[in-house]
>>> print(open('protein_22.txt').read())   # compact mmCIF, C-alpha atoms
# COMPACT_ATOMS: atom_id res chain seq x y z
CA THR H 15 30.39 -58.84 -0.71
CA PRO H 16 29.18 -55.61 -2.33
CA MET H 17 26.77 -53.69 -0.12
CA LYS H 18 23.23 -53.28 -1.41
CA ILE H 19 21.88 -49.72 -1.54
CA PRO H 20 18.36 -49.30 -0.18
CA THR H 21 15.98 -48.03 -2.84
CA PRO H 22 15.41 -44.30 -2.15
CA ALA H 23 12.10 -42.52 -2.38
CA PHE H 24 13.16 -40.98 -5.68
CA SER H 25 14.85 -42.76 -8.58
CA VAL H 26 16.59 -41.17 -11.52
CA PRO H 27 15.11 -42.10 -14.91
CA ALA H 28 17.68 -43.50 -17.30
CA VAL H 29 17.01 -40.69 -19.74
CA VAL H 30 17.96 -38.13 -17.08
CA LEU H 31 21.24 -39.91 -16.40
CA ALA H 32 21.98 -40.02 -20.10
CA LEU H 33 21.21 -36.36 -20.58
CA LEU H 34 23.30 -35.31 -17.61
CA ALA H 35 26.22 -37.34 -18.85
CA ALA H 36 25.91 -35.84 -22.32
CA VAL H 37 25.52 -32.17 -21.43
CA PRO H 38 28.85 -30.23 -21.34
CA SER H 39 28.38 -29.30 -17.73
CA ALA H 40 30.36 -27.63 -15.14
CA ALA H 41 27.64 -16.16 -5.87
CA ALA H 42 27.07 -14.54 -3.35
CA ALA H 43 26.61 -16.09 0.05
CA THR H 44 23.80 -15.50 2.48
CA PRO H 45 24.34 -12.08 4.06
CA ALA H 46 26.56 -12.36 7.10
CA ARG H 47 25.21 -11.99 10.58
CA SER H 48 26.92 -10.08 13.35
CA PRO H 49 28.95 -12.16 15.82
CA ALA H 50 26.90 -13.21 18.81
CA ALA H 51 29.81 -12.87 21.22
CA SER H 52 32.37 -10.15 21.71
CA VAL H 53 35.77 -10.57 20.05
CA ARG H 54 38.73 -10.95 22.34
CA ASN H 55 41.75 -8.68 22.20
CA PRO H 56 43.13 -9.16 18.65
CA ALA H 57 46.70 -8.53 19.78
CA ALA H 58 46.56 -11.59 22.01
CA SER H 59 46.07 -13.93 19.08
CA VAL H 60 47.88 -12.31 16.16
CA ARG H 61 51.04 -14.37 16.54
CA GLN H 62 49.69 -17.60 17.95
CA PRO H 63 51.53 -20.49 16.27
CA ALA H 64 49.32 -22.82 14.32
CA ALA H 65 49.13 -26.43 15.39
CA PRO H 66 51.08 -28.62 12.96
CA VAL H 67 48.99 -30.13 10.21
CA GLN H 68 49.25 -33.89 9.93
CA PRO H 69 47.10 -34.69 6.92
CA SER H 70 45.47 -38.05 6.53
CA GLN H 71 47.22 -40.52 4.28
CA GLY H 72 43.97 -40.73 2.34
CA LYS H 73 43.01 -39.01 -0.88
CA VAL H 74 40.32 -36.34 -1.28
CA ILE H 75 37.94 -35.12 -3.97
CA VAL H 76 36.34 -31.70 -3.52
CA ASP H 77 32.83 -31.67 -4.98
CA THR H 78 31.80 -28.05 -5.04
CA ASP H 79 29.59 -25.22 -6.29
CA MET H 80 32.69 -23.04 -6.44
CA GLY H 81 32.85 -19.26 -6.00
CA GLN H 82 35.67 -16.73 -5.96
CA LEU H 83 37.57 -17.05 -2.66
CA ASN H 84 34.34 -18.12 -0.99
CA ASP H 85 34.06 -20.88 1.60
CA ASP H 86 34.32 -23.60 -1.08
CA ALA H 87 37.53 -22.09 -2.39
CA ILE H 88 38.95 -21.81 1.13
CA ALA H 89 38.22 -25.50 1.78
CA MET H 90 39.93 -26.38 -1.51
CA PHE H 91 42.98 -24.28 -0.62
CA MET H 92 43.16 -25.77 2.89
CA LEU H 93 43.17 -29.33 1.57
CA HIS H 94 45.59 -28.48 -1.22
CA ASN H 95 48.05 -26.55 0.93
CA ALA H 96 48.08 -29.25 3.62
CA ALA H 97 48.89 -32.05 1.17
CA PRO H 98 48.84 -31.11 -2.54
CA ARG H 99 49.34 -34.68 -3.78
CA ASN H 100 46.30 -35.91 -1.87
CA LEU H 101 43.88 -33.66 -3.78
CA LEU H 102 42.78 -35.92 -6.62
CA GLY H 103 40.50 -33.39 -8.27
CA VAL H 104 37.77 -30.79 -8.02
CA THR H 105 34.34 -31.77 -9.34
CA VAL H 106 31.89 -28.96 -9.97
CA VAL H 107 28.12 -28.92 -9.48
CA ALA H 108 25.43 -26.27 -9.89
CA GLY H 109 24.41 -24.59 -6.65
CA ASN H 110 25.86 -21.30 -5.45
CA THR H 111 26.97 -20.82 -9.04
CA TRP H 112 26.18 -22.49 -12.33
CA ALA H 113 28.51 -25.36 -13.15
CA GLU H 114 30.13 -23.31 -15.94
CA GLU H 115 30.90 -20.49 -13.49
CA GLY H 116 32.22 -22.82 -10.81
CA THR H 117 34.45 -24.54 -13.34
CA ALA H 118 36.01 -21.26 -14.46
CA TYR H 119 36.54 -20.15 -10.84
CA ALA H 120 38.12 -23.45 -9.79
CA LEU H 121 40.47 -23.58 -12.78
CA ARG H 122 41.56 -19.97 -12.42
CA GLN H 123 42.09 -20.04 -8.66
CA LEU H 124 44.27 -23.14 -8.91
CA GLU H 125 46.26 -21.46 -11.69
CA LEU H 126 46.78 -18.37 -9.53
CA ILE H 127 48.51 -20.40 -6.82
CA GLY H 128 50.60 -22.20 -9.42
CA GLU H 129 48.73 -25.52 -9.33
CA ARG H 130 48.26 -26.95 -12.82
CA HIS H 131 48.02 -30.67 -12.09
CA VAL H 132 44.77 -30.95 -10.15
CA PRO H 133 41.98 -31.79 -12.62
CA VAL H 134 38.79 -29.73 -12.57
CA VAL H 135 35.80 -31.74 -13.78
CA MET H 136 32.49 -30.21 -14.78
CA GLY H 137 29.45 -31.97 -13.35
CA ALA H 138 25.68 -31.84 -13.14
CA PRO H 139 24.43 -28.54 -14.59
CA GLU H 140 20.97 -28.76 -12.98
CA PRO H 141 19.38 -30.47 -9.96
CA LEU H 142 17.77 -33.85 -10.55
CA ASN H 143 14.39 -32.10 -10.72
CA ALA H 144 14.99 -30.42 -14.08
CA ALA H 145 11.89 -28.21 -13.77
CA ARG H 146 13.03 -26.71 -10.46
CA ALA H 147 13.87 -23.24 -11.77
CA GLN H 148 10.48 -22.90 -13.44
CA GLN H 149 8.73 -23.88 -10.21
CA LEU H 150 10.46 -21.32 -7.97
CA PRO H 151 7.94 -18.46 -8.38
CA ALA H 152 5.14 -20.79 -7.30
CA GLU H 153 7.28 -22.16 -4.44
CA GLU H 154 7.76 -18.70 -2.97
CA LYS H 155 4.05 -17.93 -3.10
CA LEU H 156 3.08 -21.24 -1.56
CA PHE H 157 5.87 -22.05 0.88
CA GLY H 158 7.47 -18.72 1.86
CA ASN H 159 10.07 -16.33 0.49
CA VAL H 160 13.42 -17.74 -0.56
CA GLU H 161 16.22 -15.77 1.07
CA TYR H 162 18.95 -16.90 -1.31
CA MET H 163 18.60 -18.61 -4.71
CA GLY H 164 22.24 -19.13 -5.69
CA ALA H 165 22.55 -19.95 -9.39
CA PHE H 166 18.78 -19.72 -9.84
CA GLY H 167 19.07 -15.98 -9.25
CA HIS H 168 20.75 -15.27 -12.59
CA LYS H 169 21.01 -16.62 -16.14
CA ARG H 170 23.11 -19.69 -16.83
CA PRO H 171 26.14 -18.86 -19.02
CA PRO H 172 26.73 -20.71 -22.29
CA SER H 173 30.30 -21.72 -21.42
CA TYR H 174 32.94 -21.55 -18.69
CA LEU H 175 34.72 -19.10 -21.02
CA GLN H 176 31.65 -16.88 -21.46
CA LEU H 177 30.53 -15.67 -18.05
CA ALA H 178 28.63 -12.47 -17.35
CA ASN H 179 31.86 -11.17 -15.78
CA ALA H 180 35.35 -12.57 -16.25
CA PRO H 181 36.79 -14.38 -13.22
CA TYR H 182 39.25 -12.64 -10.92
CA GLY H 183 42.59 -12.69 -12.76
CA GLY H 184 40.99 -13.41 -16.15
CA TYR H 185 39.71 -16.56 -17.78
CA PRO H 186 41.66 -19.76 -17.10
CA LYS H 187 44.21 -21.03 -19.57
CA ALA H 188 43.74 -24.62 -18.42
CA LYS H 189 40.78 -26.65 -19.64
CA PRO H 190 38.42 -28.78 -17.59
CA SER H 191 38.67 -32.55 -17.79
CA PRO H 192 36.58 -34.04 -20.64
CA MET H 193 35.03 -36.54 -18.20
CA ALA H 194 31.73 -36.09 -16.39
CA ALA H 195 32.11 -35.45 -12.66
CA ALA H 196 30.21 -38.60 -11.63
CA ASP H 197 32.48 -40.71 -13.84
CA PHE H 198 35.58 -39.07 -12.38
CA ILE H 199 34.41 -39.85 -8.84
CA VAL H 200 33.82 -43.49 -9.82
CA GLN H 201 37.21 -43.73 -11.55
CA GLN H 202 39.17 -42.33 -8.61
CA VAL H 203 37.36 -44.35 -5.93
CA LYS H 204 38.11 -47.54 -7.86
CA LYS H 205 41.73 -46.48 -8.37
CA TYR H 206 42.20 -45.81 -4.63
CA PRO H 207 39.82 -48.23 -2.87
CA GLY H 208 39.28 -47.43 0.79
CA GLN H 209 41.32 -44.21 0.59
CA VAL H 210 39.07 -41.51 -0.90
CA THR H 211 37.12 -39.00 1.19
CA LEU H 212 34.47 -37.08 -0.74
CA PHE H 213 33.89 -33.49 0.32
CA VAL H 214 30.34 -32.63 -0.74
CA LEU H 215 30.39 -28.85 -0.38
CA GLY H 216 27.39 -28.03 -2.55
CA PRO H 217 24.28 -29.90 -3.69
CA ALA H 218 24.90 -33.66 -3.77
CA THR H 219 23.91 -34.17 -7.43
CA ASN H 220 27.27 -35.48 -8.65
CA VAL H 221 27.61 -37.95 -5.79
CA ALA H 222 24.03 -39.18 -6.19
CA LEU H 223 24.63 -39.84 -9.89
CA ALA H 224 27.90 -41.64 -9.13
CA VAL H 225 26.40 -44.07 -6.62
CA LYS H 226 23.20 -44.66 -8.58
CA THR H 227 25.07 -45.52 -11.77
CA HIS H 228 27.93 -47.39 -10.05
CA PRO H 229 26.73 -48.77 -6.70
CA GLU H 230 29.81 -50.97 -6.53
CA ILE H 231 31.87 -47.96 -5.38
CA VAL H 232 29.88 -47.51 -2.16
CA PRO H 233 31.93 -49.87 0.04
CA LEU H 234 35.14 -48.48 -1.49
CA VAL H 235 34.59 -44.87 -0.30
CA LYS H 236 36.46 -44.05 2.90
CA GLU H 237 34.16 -41.24 4.08
CA VAL H 238 31.74 -38.61 2.82
CA ILE H 239 31.81 -35.19 4.51
CA TYR H 240 28.89 -32.90 3.74
CA MET H 241 28.45 -29.21 4.35
CA GLY H 242 24.72 -28.75 4.52
CA GLY H 243 21.50 -29.10 6.40
CA ALA H 244 19.92 -27.20 9.25
CA ILE H 245 19.44 -29.87 11.89
CA ASP H 246 18.09 -28.13 15.00
CA ILE H 247 17.70 -24.61 13.61
CA PRO H 248 15.57 -22.93 10.89
CA GLY H 249 16.73 -22.96 7.28
CA ASN H 250 18.76 -20.16 5.72
CA THR H 251 17.13 -20.31 2.28
CA SER H 252 13.55 -21.36 2.75
CA PRO H 253 12.00 -21.14 6.21
CA ALA H 254 12.70 -24.86 6.60
CA ALA H 255 15.80 -25.72 4.57
CA GLU H 256 19.50 -24.94 4.27
CA PHE H 257 20.60 -23.90 0.77
CA ASN H 258 22.64 -26.92 -0.41
CA TRP H 259 19.91 -29.39 0.53
CA TRP H 260 17.13 -27.08 -0.69
CA PHE H 261 18.74 -26.81 -4.15
CA ASP H 262 18.55 -30.55 -4.81
CA PRO H 263 16.63 -32.43 -2.10
CA GLN H 264 16.38 -35.64 -4.13
CA ALA H 265 20.16 -35.83 -4.56
CA ILE H 266 21.04 -35.34 -0.90
CA LYS H 267 18.36 -37.83 0.13
CA MET H 268 19.94 -40.41 -2.18
CA ALA H 269 23.43 -39.70 -0.86
CA LEU H 270 22.47 -39.81 2.82
CA ARG H 271 20.53 -43.07 2.33
CA THR H 272 23.55 -44.70 0.67
CA PRO H 273 25.31 -47.02 3.15
CA PHE H 274 28.76 -45.47 3.03
CA LYS H 275 31.14 -46.68 5.75
CA ARG H 276 31.19 -43.25 7.36
CA GLN H 277 29.26 -40.03 6.76
CA THR H 278 29.84 -36.72 8.55
CA ILE H 279 27.64 -33.63 8.31
CA VAL H 280 28.78 -30.08 9.04
CA PRO H 281 25.41 -28.30 9.30
CA ASN H 282 24.44 -24.67 9.61
CA ASP H 283 24.00 -25.31 13.32
CA ILE H 284 27.77 -24.87 13.76
CA ALA H 285 28.60 -23.13 10.47
CA GLU H 286 26.57 -20.08 11.48
CA ARG H 287 28.33 -19.79 14.85
CA VAL H 288 31.89 -19.30 13.58
CA PHE H 289 32.73 -15.83 12.29
CA TYR H 290 35.44 -14.56 9.96
CA THR H 291 36.36 -10.98 10.86
CA LYS H 292 39.03 -8.39 10.17
CA LYS H 293 41.11 -9.86 12.97
CA GLU H 294 41.55 -13.11 11.04
CA TYR H 295 41.96 -11.28 7.73
CA ASP H 296 44.80 -9.17 9.16
CA ARG H 297 46.62 -12.27 10.37
CA ILE H 298 46.35 -13.88 6.94
CA VAL H 299 47.68 -10.97 4.88
CA ALA H 300 50.49 -9.95 7.26
CA GLY H 301 54.08 -10.40 6.10
CA PRO H 302 55.55 -11.19 2.67
CA GLN H 303 53.03 -11.44 -0.12
CA THR H 304 52.06 -14.76 -1.70
CA PRO H 305 49.61 -15.38 -4.57
CA LEU H 306 46.96 -16.46 -2.07
CA LYS H 307 47.54 -13.43 0.18
CA LYS H 308 47.17 -11.18 -2.85
CA MET H 309 43.86 -12.86 -3.60
CA PHE H 310 42.70 -12.15 -0.04
CA LYS H 311 43.77 -8.51 -0.29
CA ASP H 312 42.05 -7.99 -3.64
CA LEU H 313 38.83 -9.89 -2.93
CA HIS H 314 38.34 -9.55 0.83
CA GLY H 315 40.25 -6.36 1.57
CA PRO H 316 37.73 -3.92 0.05
CA ARG H 317 34.95 -5.25 2.27
CA PHE H 318 36.96 -4.66 5.44
CA ASP H 319 38.08 -1.25 4.14
CA ARG H 320 34.42 -0.26 3.77
CA ASN H 321 33.39 -1.74 7.09
CA PRO H 322 36.06 -2.94 9.57
CA GLN H 323 33.28 -4.51 11.66
CA SER H 324 32.14 -6.73 8.79
CA SER H 325 31.88 -10.45 9.50
CA SER H 326 30.83 -13.57 7.62
CA PHE H 327 30.39 -17.29 8.19
CA VAL H 328 33.05 -19.84 7.24
CA TRP H 329 30.75 -22.74 6.20
CA ASP H 330 32.70 -25.22 4.04
CA SER H 331 36.12 -24.51 5.53
CA LEU H 332 34.97 -26.37 8.65
CA THR H 333 34.83 -29.62 6.67
CA ALA H 334 38.50 -29.36 5.71
CA ALA H 335 39.51 -28.40 9.26
CA ILE H 336 37.94 -31.38 11.02
CA TYR H 337 39.39 -33.70 8.39
CA LEU H 338 42.92 -32.31 8.67
CA GLN H 339 42.81 -31.94 12.44
CA PRO H 340 40.02 -34.09 13.94
CA SER H 341 40.65 -32.76 17.46
CA ILE H 342 39.13 -29.43 16.35
CA ALA H 343 35.71 -31.11 16.61
CA THR H 344 34.56 -30.83 20.23
CA LYS H 345 30.92 -31.93 19.94
CA VAL H 346 29.83 -34.62 17.51
CA GLU H 347 26.53 -36.50 17.73
CA GLU H 348 25.27 -39.56 15.90
CA ARG H 349 21.78 -39.52 14.43
CA PHE H 350 19.77 -41.15 11.71
CA ILE H 351 19.25 -38.38 9.13
CA ASP H 352 16.77 -38.05 6.30
CA VAL H 353 15.66 -35.25 3.98
CA ASP H 354 12.11 -34.23 3.14
CA ASP H 355 11.82 -34.41 -0.64
CA THR H 356 8.03 -34.09 -0.64
CA TYR H 357 7.13 -31.00 -2.63
CA GLY H 358 5.77 -28.69 0.06
CA PRO H 359 6.80 -26.18 2.77
CA ASP H 360 9.49 -28.54 4.14
CA TYR H 361 11.07 -29.33 0.76
CA GLY H 362 14.79 -29.92 1.45
CA ARG H 363 14.44 -29.90 5.23
CA ALA H 364 16.81 -32.07 7.27
CA ILE H 365 15.06 -34.61 9.51
CA GLY H 366 17.07 -36.03 12.40
CA TYR H 367 16.15 -39.00 14.57
CA THR H 368 17.81 -39.30 17.98
CA GLU H 369 17.83 -42.22 20.37
CA SER H 370 15.13 -42.34 23.04
CA ARG H 371 14.04 -44.82 25.69
CA ARG H 372 11.87 -46.55 23.11
CA ARG H 373 14.28 -46.32 20.20
CA SER H 374 17.73 -47.83 20.05
CA PHE H 375 20.56 -47.08 17.63
CA SER H 376 21.39 -50.76 17.82
CA ASP H 377 18.18 -51.51 15.91
CA PRO H 378 18.00 -49.56 12.61
CA GLY H 379 14.48 -50.90 12.20
CA ASN H 380 13.36 -48.34 14.75
CA PHE H 381 14.00 -45.56 12.26
CA PRO H 382 12.56 -44.79 8.78
CA ALA H 383 13.49 -47.46 6.29
CA GLY H 384 16.63 -46.61 4.34
CA THR H 385 18.01 -43.97 6.72
CA GLN H 386 21.65 -44.25 7.76
CA LYS H 387 23.40 -43.29 10.98
CA VAL H 388 25.71 -40.31 10.44
CA ARG H 389 28.01 -38.12 12.50
CA ILE H 390 26.98 -34.48 12.95
CA LEU H 391 29.34 -31.69 14.00
CA PHE H 392 27.80 -29.31 16.54
CA ASP H 393 30.82 -27.47 18.00
CA ILE H 394 34.52 -26.84 17.50
CA ASN H 395 37.60 -25.45 19.25
CA ARG H 396 37.62 -22.02 17.62
CA ASP H 397 41.20 -21.09 18.53
CA ALA H 398 42.52 -24.33 17.05
CA PHE H 399 40.34 -23.87 13.97
CA TRP H 400 41.57 -20.35 13.28
CA ASN H 401 45.20 -21.26 13.86
CA LEU H 402 44.90 -24.05 11.31
CA TYR H 403 42.90 -21.95 8.82
CA ILE H 404 45.29 -19.01 8.97
CA ASP H 405 48.42 -21.13 8.80
CA LEU H 406 47.20 -22.83 5.62
CA MET H 407 46.09 -19.55 4.01
CA ARG H 408 49.54 -18.03 4.59
CA ARG H 409 51.36 -20.74 2.61
>>> encode(input="protein_22.txt", output="C-alpha cells")
Amino acid sequence: TPMKIPTPAFSVPAVVLALLAAVPSAAAATPARSPAASVRNPAASVRQPAAPVQPSQGKVIVDTDMGQLNDDAIAMFMLHNAAPRNLLGVTVVAGNTWAEEGTAYALRQLELIGERHVPVVMGAPEPLNAARAQQLPAEEKLFGNVEYMGAFGHKRPPSYLQLANAPYGGYPKAKPSPMAAADFIVQQVKKYPGQVTLFVLGPATNVALAVKTHPEIVPLVKEVIYMGGAIDIPGNTSPAAEFNWWFDPQAIKMALRTPFKRQTIVPNDIAERVFYTKKEYDRIVAGPQTPLKKMFKDLHGPRFDRNPQSSSFVWDSLTAAIYLQPSIATKVEERFIDVDDTYGPDYGRAIGYTESRRRSFSDPGNFPAGTQKVRILFDINRDAFWNLYIDLMRR
C-alpha cells in the first residue's frame, strides 16, 4: 500500500510547480578553518593501501549544487569511480552556484574524465521561496550577518553556456538532459524500485518537488543521504543555520518529513572536523598523471603552493564514503529531525529531538507531528576515509 506523506508546514502552490517545471533551469566554500589537532608524520601514511571498495548493488543519483572540483564534485567522482554504471545521473540545483553554473561544471568535469554517458539534468533555479534573494538585505539586518551566500552572492547567468567565467577546461560539448530534475528523479526511482539512493548534496529543492508531485515514489526510494544541517553546533551561514538548509528551509523540511524508508544526515558537526591538507593532496597527485590528477594539480595545486599549511573541509565527500564503505562511520545516532522554516533568526535551523525518560522512540507521537526518525553521522574512521578517498581520486 502506498505510504501517505504527512502534510508539511509549507505547501507548494501549483503555479510554483508549473513555473519551476517550465523554466530552463540548471562557489566558493566557507573559508577553511585550521585543523584542531596536529597532523601525524606524513611519511607514515603516504603509501598506505586503500581498503577495497565494494560498492552497493544499488543505483545512485547525485543531486548537487555543483562547483569546480569542490566537495560536490569529489563526491560525484568517488561514486563514479567506484562503480560507473551505478551512477544514474547528476541533477543540479541552485545553492553554492546557480543551476546554470552547476550544470556547466558537472557536464565539463564528467567530460574531462572521459565520461559521456551519465546524464546531467538541470533542476530548480531558485528556492521554493521565490522572493528569498530580495529579502536577504533585511534578513541580515534583523537576524545577523550571513557568512556565506553561495549563488545569492552574484548575478545569475542567462545560460549554462554564458557564465561570468568559462569553466575549467572550457565550456562543455555535451548538453544537459531536456528533462526537469524532479521528473528525472521520479523516472529513475520508478525504473529501479527499491534500488536508488538519492545523494542530496545541496538544497533539497529538487527532491521536495519530486515527492510533492509524485508521492508514489516515496516507498520506492532505497535511501536518502543528505549533507547539511548543524545539529549540535552553530550554523556556518547564519548564526543558527548551515548553508544548504538555510538556502531553502521549506524544501529540506518537506524532504525530512517525507517517510522514506531510510534517511541519513551528514551534518556540519562531523563535516567541519575532517580536514583536507597538503598531505592528502600529495598522495593524490603522486605517480603517473590521469585526467583527474591533472584537475587536482591545476585547481588545488596553486593553493598549496601559496600556503602549504592550507586546509579545508571535505563536506559532501563524506556522504559517498559512508555509502561505499559503511564501516567508515564510527558514531551514528538516531533522532527525530525537523527544520525551522519560520521566518526569523532561526530560519533554516536544524531541530533534533532525542529520546529521554519521558519520550520514547517507539512512540512517534511523542515528537512533533510529521517528523521522521533519521540517522545522523557524528564521527568517522579518518584513516579509512582518507585511504578510500585517495584511492578513488587516483583512478
>>> closest_residue(input="protein_22.txt", among="H:Ala113, H:Ala343, H:Val106, H:Ala118", to="H:Val135", atoms="all atoms listed in the file")
H:Val106
>>> atom_distance(input="protein_22.txt", atom1="atom CA of H:Pro305", atom2="atom CA of H:Ile127")
5.6 Å
>>> closest_residue(input="protein_22.txt", among="H:Val225, H:Met136, H:Ala244, H:Met407", to="H:Tyr174", atoms="all atoms listed in the file")
H:Met136
>>> residues_around(input="protein_22.txt", residues="stretch 197-214 of chain H", least_positions_apart="3", cutoff="6 Å", atoms="all atoms listed in the file", output="short mmCIF file (atom, residue, chain, number, x, y, z; two decimals) with C-alpha atoms, keeping the file's coordinate frame")
data_model
loop_
_atom_site.label_atom_id
_atom_site.label_comp_id
_atom_site.auth_asym_id
_atom_site.auth_seq_id
_atom_site.Cartn_x
_atom_site.Cartn_y
_atom_site.Cartn_z
CA GLY H 72 43.97 -40.73 2.34
CA LYS H 73 43.01 -39.01 -0.88
CA VAL H 74 40.32 -36.34 -1.28
CA ILE H 75 37.94 -35.12 -3.97
CA VAL H 76 36.34 -31.70 -3.52
CA ASP H 77 32.83 -31.67 -4.98
CA ALA H 194 31.73 -36.09 -16.39
CA LEU H 234 35.14 -48.48 -1.49
CA VAL H 235 34.59 -44.87 -0.30
CA LYS H 236 36.46 -44.05 2.90
CA GLU H 237 34.16 -41.24 4.08
CA VAL H 238 31.74 -38.61 2.82
CA ILE H 239 31.81 -35.19 4.51
CA TYR H 240 28.89 -32.90 3.74
#
>>> closest_residue(input="protein_22.txt", among="H:Asp296, H:Ser191, H:Tyr182, H:Thr105", to="H:Thr219", atoms="all atoms listed in the file")
H:Thr105
>>> closest_atom_pairs(input="protein_22.txt", of="stretch 241-306 of chain H", to="stretch 392-405 of chain H", cutoff="12 Å", atoms="all atoms listed in the file", output="JSON lines")
{"residue": "H:Gly243", "atom": "CA", "partner": "H:Phe392", "partner_atom": "CA", "distance": 11.9}
{"residue": "H:Ala244", "atom": "CA", "partner": "H:Phe392", "partner_atom": "CA", "distance": 10.9}
{"residue": "H:Ile245", "atom": "CA", "partner": "H:Phe392", "partner_atom": "CA", "distance": 9.6}
{"residue": "H:Asp246", "atom": "CA", "partner": "H:Phe392", "partner_atom": "CA", "distance": 9.9}
{"residue": "H:Ile247", "atom": "CA", "partner": "H:Phe392", "partner_atom": "CA", "distance": 11.5}
{"residue": "H:Thr278", "atom": "CA", "partner": "H:Phe392", "partner_atom": "CA", "distance": 11.1}
{"residue": "H:Ile279", "atom": "CA", "partner": "H:Phe392", "partner_atom": "CA", "distance": 9.3}
{"residue": "H:Val280", "atom": "CA", "partner": "H:Phe392", "partner_atom": "CA", "distance": 7.6}
{"residue": "H:Pro281", "atom": "CA", "partner": "H:Phe392", "partner_atom": "CA", "distance": 7.7}
{"residue": "H:Asn282", "atom": "CA", "partner": "H:Phe392", "partner_atom": "CA", "distance": 9.0}
{"residue": "H:Asp283", "atom": "CA", "partner": "H:Phe392", "partner_atom": "CA", "distance": 6.4}
{"residue": "H:Ile284", "atom": "CA", "partner": "H:Phe392", "partner_atom": "CA", "distance": 5.2}
{"residue": "H:Ala285", "atom": "CA", "partner": "H:Phe392", "partner_atom": "CA", "distance": 8.7}
{"residue": "H:Glu286", "atom": "CA", "partner": "H:Phe392", "partner_atom": "CA", "distance": 10.6}
{"residue": "H:Arg287", "atom": "CA", "partner": "H:Asp393", "partner_atom": "CA", "distance": 8.7}
{"residue": "H:Val288", "atom": "CA", "partner": "H:Arg396", "partner_atom": "CA", "distance": 7.5}
{"residue": "H:Phe289", "atom": "CA", "partner": "H:Arg396", "partner_atom": "CA", "distance": 9.5}
{"residue": "H:Tyr290", "atom": "CA", "partner": "H:Trp400", "partner_atom": "CA", "distance": 9.1}
{"residue": "H:Thr291", "atom": "CA", "partner": "H:Trp400", "partner_atom": "CA", "distance": 11.0}
{"residue": "H:Lys293", "atom": "CA", "partner": "H:Trp400", "partner_atom": "CA", "distance": 10.5}
{"residue": "H:Glu294", "atom": "CA", "partner": "H:Ile404", "partner_atom": "CA", "distance": 7.3}
{"residue": "H:Tyr295", "atom": "CA", "partner": "H:Ile404", "partner_atom": "CA", "distance": 8.5}
{"residue": "H:Asp296", "atom": "CA", "partner": "H:Ile404", "partner_atom": "CA", "distance": 9.9}
{"residue": "H:Arg297", "atom": "CA", "partner": "H:Ile404", "partner_atom": "CA", "distance": 7.0}
{"residue": "H:Ile298", "atom": "CA", "partner": "H:Ile404", "partner_atom": "CA", "distance": 5.6}
{"residue": "H:Val299", "atom": "CA", "partner": "H:Ile404", "partner_atom": "CA", "distance": 9.3}
{"residue": "H:Ala300", "atom": "CA", "partner": "H:Ile404", "partner_atom": "CA", "distance": 10.6}
{"residue": "H:Leu306", "atom": "CA", "partner": "H:Ile404", "partner_atom": "CA", "distance": 11.5}
>>> closest_residue(input="protein_22.txt", among="H:Asp352, H:Asp319, H:Glu140, H:Glu347", to="H:Asp262", atoms="all atoms listed in the file")
H:Glu140
>>> closest_residue(input="protein_22.txt", among="H:Lys226, H:Lys292, H:Arg409, H:Arg122", to="H:Ala269", atoms="all atoms listed in the file")
H:Lys226
>>> atom_distance(input="protein_22.txt", atom1="atom CA of H:Glu125", atom2="atom CA of H:Trp112")
20.1 Å
>>> closest_residue(input="protein_22.txt", among="H:His131, H:Lys307, H:His314, H:Lys267", to="H:Asn84", atoms="all atoms listed in the file")
H:His314
>>> atom_distance(input="protein_22.txt", atom1="atom CA of H:Leu93", atom2="atom CA of H:Leu338")
7.7 Å
>>> residues_around(input="protein_22.txt", residues="H:Gly358", least_positions_apart="2", cutoff="12 Å", atoms="all atoms listed in the file", output="ChimeraX atom specification")
/H:149-150,152-158,252-255,260,263,354-356,360-363
